[in-house]
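Worksheet for the structure shown next.
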Amino acid sequence: MLELIKLYITFFKLGIVNFGGGYAMLPLLERELADKRGWTTSEELADFYAVGQCTPGAIAVNVSTMIGYKRKGVLGGIAATLGFISPAFIIIFIIATLLTNFADNKYVAHALAGIRVVVFFLVLSAIIKLFKNSCKDKVAKIIAVLVGILAIAVPTKYVGLYIYVIIAGIFGILFNLIKEKRRLNKEKDNPADENLLNAKMIETVKEKTELINAVVPKNEEIVEPKPKRKLGYGAIGIIIAVLMFASIMVVSALVYAFKDSAIFFKLYFQFFKIGALAFGGGLATIPFLSELSELTGWFTAEDLANMIAVSESTPGAMGINMSTYVGYTVIHNEFGNYFLSFVGSMISTIGLVTPSIIVIEIIALFLKKFKDNKWVNWAFYGLRAASIGLMIAAAYSIFKVSLMQNSDIVNVFKTSFDGISIKTFFQSLGNAIDSILNWKNIAVGIIFGITIFKYKKHPILYIALGAIVGIILWL
């Protein structure tokens, strides 16, 4: 029990100082856990990060779960995860409370308008960076762009975003399978290349044998350590699922005494779904939150942009921050009760991390096999591209609320071009564009965009400047 408490406190402290997402956490983990405590090594951390990118959920949360599991098994993974997300949960809940109380203040409204302009370019900058790093060939780029266009053009009530994720994963496997077969056929047609490959493999085996003989005396036998007995994958999944669902049932039973608890269950399962489908870190949750906004009406596109701004400005993983914020917003709008809003924040946050915990706990049992499995890598070839495509669609949603006056483009053009002649075509086109775009916000946005792309400063600085400019220019 003391070890679990120690794990929780250690990751709680890491959660307080973690600004900038999962990769920003790497030097902190190396210093605190590898150098200071000896709980892991730099090589293991590299493996954990590799797996964290290939699994649903925020990378920083996934890495915390794996380190906790390495220390104290299943309960250790849960303790480390809860410790890491707790500071963000507390901070975001306080901020959400303050924003709710001051939402009607005109200065706050204009500050948020300025912040939304900055948020669009921050998100755009992150997407471009991810696009370059993850879509390294033409096929992956085409998948990302195609998914982005479809997600923008086709309403989510007709095609859920999870459809794109599933199809992209299947396509990734099929595409790489065909590619592998072609490579093998080519090797068969070129025996000289195959003989050279075999020669290299034989040489590698000889080198390894010589190294073993040099380290281990000939008279000594290599004793294989007996593998430790571990719980089966199914048993671990059942234990974690039961614990998580039991906690939700208890909380829901408590709130039932005050109000109908159906919305709490709905909130939990909506975020469970997002946590299971969001591949690629905190940014990957944005398109699913945008979809959630359209399907449920729990919050607006403006609320989502504000959530991103708050998440960028506070410690912790963006996905966790946003789930806490949404949980608060939804329940507060429904009931106007701070206690129930706290419960809503807790339920949405737990819902988001539950799939991540279950998946990571299971994968931790066969970490190396998972990391090196070609089928997994092939699937994630498509999944990463699809995630970036969905982020592009989410960026368009933010563009609409930050740089446009009227997002109903089809209606605007239909009205503007109704009964026009050739002489008035360009005038009508200009009027339509003027009624769609917010030129003041665009001018401010271009300045911020150039600055963000040129100078890689912390998002907090740009968000603060955006708030000041929003008030001064009355955006």
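As shown in the structure tokens, the chain order sets the letters A, B, ...; within each chain, residues go from 1, and ligands are also counted from 1 in the order they appear.
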**Message:** Can you pull out the residues contacting A:Phe89? Cut-off 7 Å, using only C-alpha atoms, and skip same-chain residues under 3 positions away; I want them as JSON, numbers by chain.
**Reply:** {"A": [85, 86, 92, 93, 321, 324]}
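Separating atom CA of A:Arg384 from atom CA of A:Thr285 is a distance of 13.0 Å.
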**Fill in**
Residue with the minimum atom-to-atom distance to A:Ile357, picked from A:Thr40, A:Ser323, A:Ser134, A:Ser64 with only C-alpha atoms counted, is A:Ser64
**Asked** Hey, what's within 12 Å of A:Glu180 if we count only C-alpha atoms and toss same-chain stuff fewer than 5 positions away? As a ChimeraX atom specification, please?
**Response** /A:173-175,185-187,374-375,378
**Asked** So what do you get for atom CA of A:Val343 versus atom CA of A:Ser356, distance-wise?
**Response**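 Spanning atom CA of A:Val343 to atom CA of A:Ser356 is a straight-line distance of 20.6 Å.
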All residues 12 Å or closer to A:Gly297, only C-alpha atoms, same chain fewer than 4 positions away omitted, as a short mmCIF file (atom, residue, chain, number, x, y, z; two decimals) with N, CA and C atoms, in the first residue's frame:
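Okay, this is what ended up in out09.cif:
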data_model
loop_
_atom_site.label_atom_id
_atom_site.label_comp_id
_atom_site.auth_asym_id
_atom_site.auth_seq_id
_atom_site.Cartn_x
_atom_site.Cartn_y
_atom_site.Cartn_z
N LEU A 289 -14.45 15.33 -29.89
CA LEU A 289 -15.20 16.29 -29.08
C LEU A 289 -16.06 17.17 -29.95
N SER A 290 -15.55 17.53 -31.13
CA SER A 290 -16.34 18.31 -32.08
C SER A 290 -17.57 17.52 -32.52
N GLU A 291 -17.37 16.22 -32.77
CA GLU A 291 -18.49 15.35 -33.13
C GLU A 291 -19.49 15.26 -31.98
N LEU A 292 -18.98 15.14 -30.76
CA LEU A 292 -19.83 15.06 -29.58
C LEU A 292 -20.68 16.33 -29.44
N SER A 293 -20.08 17.46 -29.74
CA SER A 293 -20.81 18.73 -29.69
C SER A 293 -21.98 18.74 -30.67
N ALA A 301 -19.23 25.04 -30.46
CA ALA A 301 -17.90 25.07 -31.07
C ALA A 301 -17.03 26.14 -30.39
N ASP A 303 -17.26 26.98 -27.21
CA ASP A 303 -16.84 26.35 -25.95
C ASP A 303 -15.63 25.45 -26.18
N LEU A 304 -15.65 24.70 -27.29
CA LEU A 304 -14.56 23.78 -27.60
C LEU A 304 -13.25 24.54 -27.80
N VAL A 326 -15.10 19.53 -20.23
CA VAL A 326 -16.39 19.18 -20.84
C VAL A 326 -17.34 18.60 -19.79
N THR A 329 -18.68 21.43 -17.79
CA THR A 329 -19.59 22.27 -18.58
C THR A 329 -20.95 21.61 -18.79
N VAL A 330 -20.92 20.33 -19.16
CA VAL A 330 -22.16 19.61 -19.46
C VAL A 330 -23.07 19.53 -18.23
N ASN A 333 -24.28 23.03 -16.97
CA ASN A 333 -25.37 23.55 -17.82
C ASN A 333 -26.69 22.81 -17.57
N GLU A 334 -26.57 21.55 -17.20
CA GLU A 334 -27.76 20.72 -16.98
C GLU A 334 -28.40 20.99 -15.62
#
